[in-house]
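Participant: As input, take run_9.cif (mmCIF, C-alpha atoms):
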```
data_coords
#
loop_
_atom_site.label_atom_id
_atom_site.label_comp_id
_atom_site.auth_asym_id
_atom_site.auth_seq_id
_atom_site.Cartn_x
_atom_site.Cartn_y
_atom_site.Cartn_z
CA MET O 1 0.00 0.00 0.00
CA THR O 2 1.23 3.43 -0.82
CA SER O 3 0.46 6.55 1.11
CA VAL O 4 -1.44 9.31 -0.62
CA GLU O 5 0.27 12.67 -0.36
CA PRO O 6 -1.71 15.90 -0.59
CA PHE O 7 -1.66 17.55 -3.98
CA VAL O 8 0.41 20.75 -3.92
CA THR O 9 1.61 22.26 -7.16
CA LYS O 10 4.91 24.03 -7.49
CA GLY O 11 4.51 27.78 -7.34
CA SER O 12 1.45 27.68 -5.13
CA ALA O 13 3.76 28.01 -2.10
CA GLY O 14 1.43 25.97 0.02
CA MET O 15 -1.57 28.29 -0.62
CA GLN O 16 -4.38 25.83 -0.59
CA CYS O 17 -8.03 26.04 0.29
CA PRO O 18 -8.93 24.42 3.62
CA SER O 19 -11.44 22.23 1.81
CA GLY O 20 -8.56 20.67 -0.13
CA ASN O 21 -9.13 22.45 -3.43
CA PRO O 22 -5.78 22.45 -5.26
CA ARG O 23 -6.41 25.71 -7.12
CA PRO O 24 -4.46 28.80 -6.00
CA LEU O 25 -6.09 31.59 -4.04
CA TRP O 26 -4.39 34.58 -5.65
CA LEU O 27 -7.33 35.90 -7.71
CA SER O 28 -9.75 35.53 -4.81
CA ALA O 29 -7.26 37.27 -2.51
CA VAL O 30 -6.92 40.15 -5.00
CA VAL O 31 -10.73 40.46 -5.13
CA LEU O 32 -10.88 40.56 -1.32
CA LEU O 33 -8.19 43.25 -1.11
CA ALA O 34 -9.75 45.34 -3.90
CA GLY O 35 -13.19 45.13 -2.24
CA GLY O 36 -11.73 46.24 1.08
CA PHE O 37 -9.89 49.12 -0.59
CA ALA O 38 -13.06 50.21 -2.45
CA LEU O 39 -15.03 50.19 0.81
CA GLY O 40 -12.27 52.23 2.44
CA LEU O 41 -12.46 54.79 -0.39
CA ALA O 42 -16.21 55.10 0.17
CA ALA O 43 -16.24 55.13 3.98
CA ILE O 44 -13.12 56.91 5.26
CA PRO O 45 -12.93 60.25 3.32
CA PRO O 46 -16.16 61.74 4.75
CA PHE O 47 -14.61 61.46 8.21
CA VAL O 48 -11.22 62.77 7.06
CA PHE O 49 -12.67 65.83 5.29
CA ASP O 50 -15.25 66.37 8.07
CA ARG O 51 -18.12 66.43 5.61
CA PRO O 52 -21.54 64.96 6.27
CA LEU O 53 -22.46 61.61 4.83
CA GLY O 54 -25.07 62.38 2.22
CA LEU O 55 -25.92 61.94 -1.39
CA VAL O 56 -25.93 65.66 -2.14
CA PRO O 57 -22.89 67.66 -1.03
CA VAL O 58 -23.66 70.52 1.33
CA ASN O 59 -21.69 73.58 0.28
CA LYS O 60 -21.96 76.63 2.49
CA LEU O 61 -21.73 79.68 0.28
CA ASP O 62 -21.39 83.23 1.50
CA PRO O 63 -24.53 85.30 1.01
CA PRO O 64 -24.45 87.32 -2.17
CA PRO O 65 -23.13 90.85 -1.67
CA LEU O 66 -25.57 93.73 -1.79
CA ALA O 67 -26.03 95.23 -5.24
CA GLU O 68 -23.83 98.26 -5.73
CA ARG O 69 -24.76 101.09 -8.04
CA GLU O 70 -22.51 103.30 -10.12
CA GLY O 71 -23.31 106.95 -10.61
CA GLY O 72 -26.60 108.61 -9.77
CA VAL O 73 -27.47 110.43 -6.57
CA ASN O 74 -27.55 108.82 -3.12
CA PHE O 75 -30.13 109.97 -0.56
CA ARG O 76 -29.48 108.83 2.99
CA VAL O 77 -31.74 109.16 6.04
CA GLY O 78 -30.33 107.30 9.06
CA LYS O 79 -29.66 103.73 7.93
CA PHE O 80 -31.96 104.04 4.94
CA GLU O 81 -30.22 104.82 1.62
CA VAL O 82 -31.68 105.26 -1.87
CA ASN O 83 -29.79 105.64 -5.14
CA VAL O 84 -31.55 107.41 -7.97
CA GLY O 85 -30.34 107.30 -11.56
CA GLY O 86 -27.40 104.89 -11.15
CA ARG O 87 -26.60 101.58 -12.82
CA ILE O 88 -26.18 98.28 -10.99
CA LYS O 89 -22.67 96.81 -11.19
CA ALA O 90 -22.64 93.29 -12.58
CA GLN O 91 -21.71 90.79 -9.87
CA PRO O 92 -20.00 87.56 -10.90
CA PRO O 93 -21.92 84.51 -9.68
CA ALA O 94 -20.49 82.74 -6.65
CA ILE O 95 -18.62 79.57 -7.58
CA PRO O 96 -19.09 76.76 -5.09
CA PRO O 97 -15.90 75.15 -3.78
CA PRO O 98 -15.02 71.78 -5.30
CA ASN O 99 -16.23 68.69 -3.48
CA PRO O 100 -13.29 66.32 -2.91
CA LEU O 101 -15.63 63.53 -1.78
CA LYS O 102 -17.06 63.25 -5.28
CA TRP O 103 -13.80 61.87 -6.68
CA PHE O 104 -13.38 59.41 -3.82
CA LEU O 105 -16.89 58.11 -4.44
CA VAL O 106 -16.25 57.85 -8.20
CA SER O 107 -12.99 56.00 -7.48
CA ALA O 108 -14.71 53.65 -5.04
CA ILE O 109 -17.41 52.77 -7.56
CA GLY O 110 -14.84 52.50 -10.35
CA LEU O 111 -12.94 49.94 -8.27
CA ALA O 112 -15.98 48.15 -6.85
CA VAL O 113 -17.64 47.29 -10.18
CA PRO O 114 -14.59 45.42 -11.59
CA THR O 115 -14.18 43.80 -8.16
CA ILE O 116 -17.67 42.34 -8.41
CA VAL O 117 -17.08 41.10 -11.98
CA VAL O 118 -13.65 39.61 -11.25
CA GLY O 119 -15.03 38.16 -8.00
CA ALA O 120 -17.64 36.24 -9.95
CA LEU O 121 -14.93 34.92 -12.27
CA ALA O 122 -12.72 33.99 -9.30
CA TRP O 123 -15.64 32.21 -7.63
CA HIS O 124 -16.26 30.15 -10.75
CA HIS O 125 -12.64 29.55 -11.77
CA GLU O 126 -10.90 29.07 -8.42
CA GLN O 127 -13.92 27.76 -6.55
CA HIS O 128 -13.13 29.54 -3.29
CA PRO O 129 -16.52 31.04 -2.46
CA ALA O 130 -15.54 32.35 0.97
CA LEU O 131 -12.84 34.71 -0.30
CA ALA O 132 -14.43 35.65 -3.61
CA GLY O 133 -17.86 36.11 -2.03
CA THR O 134 -16.49 38.30 0.74
CA GLY O 135 -14.63 40.45 -1.81
CA MET O 136 -17.77 40.83 -3.92
CA ALA O 137 -19.80 41.72 -0.80
CA LEU O 138 -17.27 44.44 0.08
CA GLY O 139 -17.59 45.79 -3.47
CA VAL O 140 -21.37 45.92 -3.18
CA LEU O 141 -21.04 47.66 0.21
CA ALA O 142 -18.71 50.24 -1.34
CA ILE O 143 -21.27 51.03 -4.03
CA ALA O 144 -24.20 51.19 -1.59
CA TRP O 145 -22.31 52.78 1.32
CA GLN O 146 -24.30 56.02 1.54
CA TYR O 147 -27.62 54.24 1.20
CA ILE O 148 -26.61 51.85 3.97
CA ILE O 149 -25.70 54.74 6.28
CA ILE O 150 -29.03 56.44 5.53
CA GLY O 151 -30.86 53.14 6.19
CA ILE O 152 -29.07 52.68 9.52
CA ALA O 153 -29.94 56.24 10.54
CA ILE O 154 -33.61 55.68 9.68
CA GLY O 155 -33.60 52.37 11.54
CA VAL O 156 -32.13 53.95 14.67
CA ALA O 157 -34.71 56.74 14.54
CA VAL O 158 -37.56 54.23 14.22
CA ALA O 159 -36.13 52.14 17.09
CA ILE O 160 -35.94 55.21 19.35
CA ILE O 161 -39.53 56.15 18.51
CA LEU O 162 -40.72 52.60 19.22
CA VAL O 163 -38.88 52.52 22.56
CA LEU O 164 -40.39 55.88 23.52
CA LEU O 165 -43.88 54.76 22.52
CA SER O 166 -43.58 51.53 24.50
CA ALA O 167 -42.27 53.42 27.55
CA LEU O 168 -45.10 55.95 27.43
CA SER O 169 -47.90 53.40 27.06
#
```
Spell out the structure here as structure tokens.
Facilitator:
Amino acid sequence: MTSVEPFVTKGSAGMQCPSGNPRPLWLSAVVLLAGGFALGLAAIPPFVFDRPLGLVPVNKLDPPPLAEREGGVNFRVGKFEVNVGGRIKAQPPAIPPPNPLKWFLVSAIGLAVPTIVVGALAWHHEQHPALAGTGMALGVLAIAWQYIIIGIAIGVAVAIILVLLSALS
């Protein structure tokens, strides 16, 4: 009788699935890392830039300056002032500051979509559903990050209301 040795190919460096699948894990590992990086791009920058988590960026603009007039005659009584016969100076429109979070979100989605596609290929080709599935789930979370945060906030608000209603009744 001969002993059966486990199948390990050269170049796999001992990377083998716990279930005994002889295929390498490198593509599934890349999917997992890319999904984690995409989720980091979606989740971390709002905290770094101290911006609110929301779908629409909130830009605080200065109020438009009061219209100034050229020429004419100014009549002033106390704080009340009237200009007669002058022209209004053209004011350039206020330009909102750029939103740096937009590019992080675009980058996160741009990385998450290929992660999901390559994750499906890794799942089928390498047959390591734990790694490939986790990487694809992280990619989906990166795409839906803001909706998930909004859903959690709504859920917490509903839970607080239900606790208050049960305490009051």
Participant: Please write the residues picked by the PyMOL selection byres ((chain O and resi 45) around 12) on this file as an mmCIF file with C-alpha atoms, in the frame of the given file.
Facilitator:
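Below you can see result08.cif, which holds the result:
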```cif
data_model
loop_
_atom_site.group_PDB
_atom_site.id
_atom_site.type_symbol
_atom_site.label_atom_id
_atom_site.label_comp_id
_atom_site.auth_asym_id
_atom_site.auth_seq_id
_atom_site.Cartn_x
_atom_site.Cartn_y
_atom_site.Cartn_z
ATOM 1 C CA ALA O 38 -13.060 50.210 -2.450
ATOM 2 C CA LEU O 39 -15.030 50.190 0.810
ATOM 3 C CA GLY O 40 -12.270 52.230 2.440
ATOM 4 C CA LEU O 41 -12.460 54.790 -0.390
ATOM 5 C CA ALA O 42 -16.210 55.100 0.170
ATOM 6 C CA ALA O 43 -16.240 55.130 3.980
ATOM 7 C CA ILE O 44 -13.120 56.910 5.260
ATOM 8 C CA PRO O 46 -16.160 61.740 4.750
ATOM 9 C CA PHE O 47 -14.610 61.460 8.210
ATOM 10 C CA VAL O 48 -11.220 62.770 7.060
ATOM 11 C CA PHE O 49 -12.670 65.830 5.290
ATOM 12 C CA ASP O 50 -15.250 66.370 8.070
ATOM 13 C CA ARG O 51 -18.120 66.430 5.610
ATOM 14 C CA PRO O 52 -21.540 64.960 6.270
ATOM 15 C CA LEU O 53 -22.460 61.610 4.830
ATOM 16 C CA ASN O 99 -16.230 68.690 -3.480
ATOM 17 C CA PRO O 100 -13.290 66.320 -2.910
ATOM 18 C CA LEU O 101 -15.630 63.530 -1.780
ATOM 19 C CA LYS O 102 -17.060 63.250 -5.280
ATOM 20 C CA TRP O 103 -13.800 61.870 -6.680
ATOM 21 C CA PHE O 104 -13.380 59.410 -3.820
ATOM 22 C CA LEU O 105 -16.890 58.110 -4.440
ATOM 23 C CA SER O 107 -12.990 56.000 -7.480
ATOM 24 C CA ALA O 108 -14.710 53.650 -5.040
#
```
Participant: Which one is closest to Ala142 (chain O): O:Leu27, O:Leu111, O:Leu165, O:Val73? Count all atoms listed in the file.
Facilitator: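 Going through O:Leu27, O:Leu111, O:Leu165, O:Val73 one by one, the smallest distance to Ala142 (chain O) is for O:Leu111.
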Participant: Any idea what the distance is between CA of Ala157 (chain O) and CA of Gly139 (chain O)?
Facilitator: 27.2 Å
Participant: Interatomic distance between CA of Gly119 (chain O) and CA of Ala144 (chain O)?
Facilitator: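 Between CA of Gly119 (chain O) and CA of Ala144 (chain O) the gap works out to 17.2 Å.
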Participant: For this file, the PyMOL selection byres ((chain O and resi 125) around 12) selects which residues, as number ranges by chain?
Facilitator: O: 21-28, 118-124, 126-129, 132
Participant: Step by step, gather every atom of region 153-156 of chain O that the file lists, find the box along x, y and z that holds them, add 5 Å on each side, and finally give centre and edge lengths in Å to one decimal, as lines of an AutoDock Vina configuration file.
Facilitator:
```
center_x = -31.8
center_y = 54.3
center_z = 12.2
size_x = 13.7
size_y = 13.9
size_z = 15.0
```
Participant: Could you jot down the CA of Val30 (chain O) to CA of Met136 (chain O) separation for me, Å, one decimal place?
Facilitator: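 Pair CA of Val30 (chain O) / CA of Met136 (chain O) returns 10.9 Å.
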Participant: Quick one: of O:Ala34, O:Val156, O:Ile143, O:Ile148, who's nearest to Val106 (chain O), counting only C-alpha atoms?
Facilitator: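 Checking each candidate against Val106 (chain O), we get O:Ile143 as the closest.
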Participant: Determine the nearest neighbour of Leu141 (chain O) from the options O:Ala29, O:Val84, O:Ile116, O:Pro98, counting all atoms listed in the file.
Facilitator: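 Of all the options, O:Ile116 lies closest to Leu141 (chain O).
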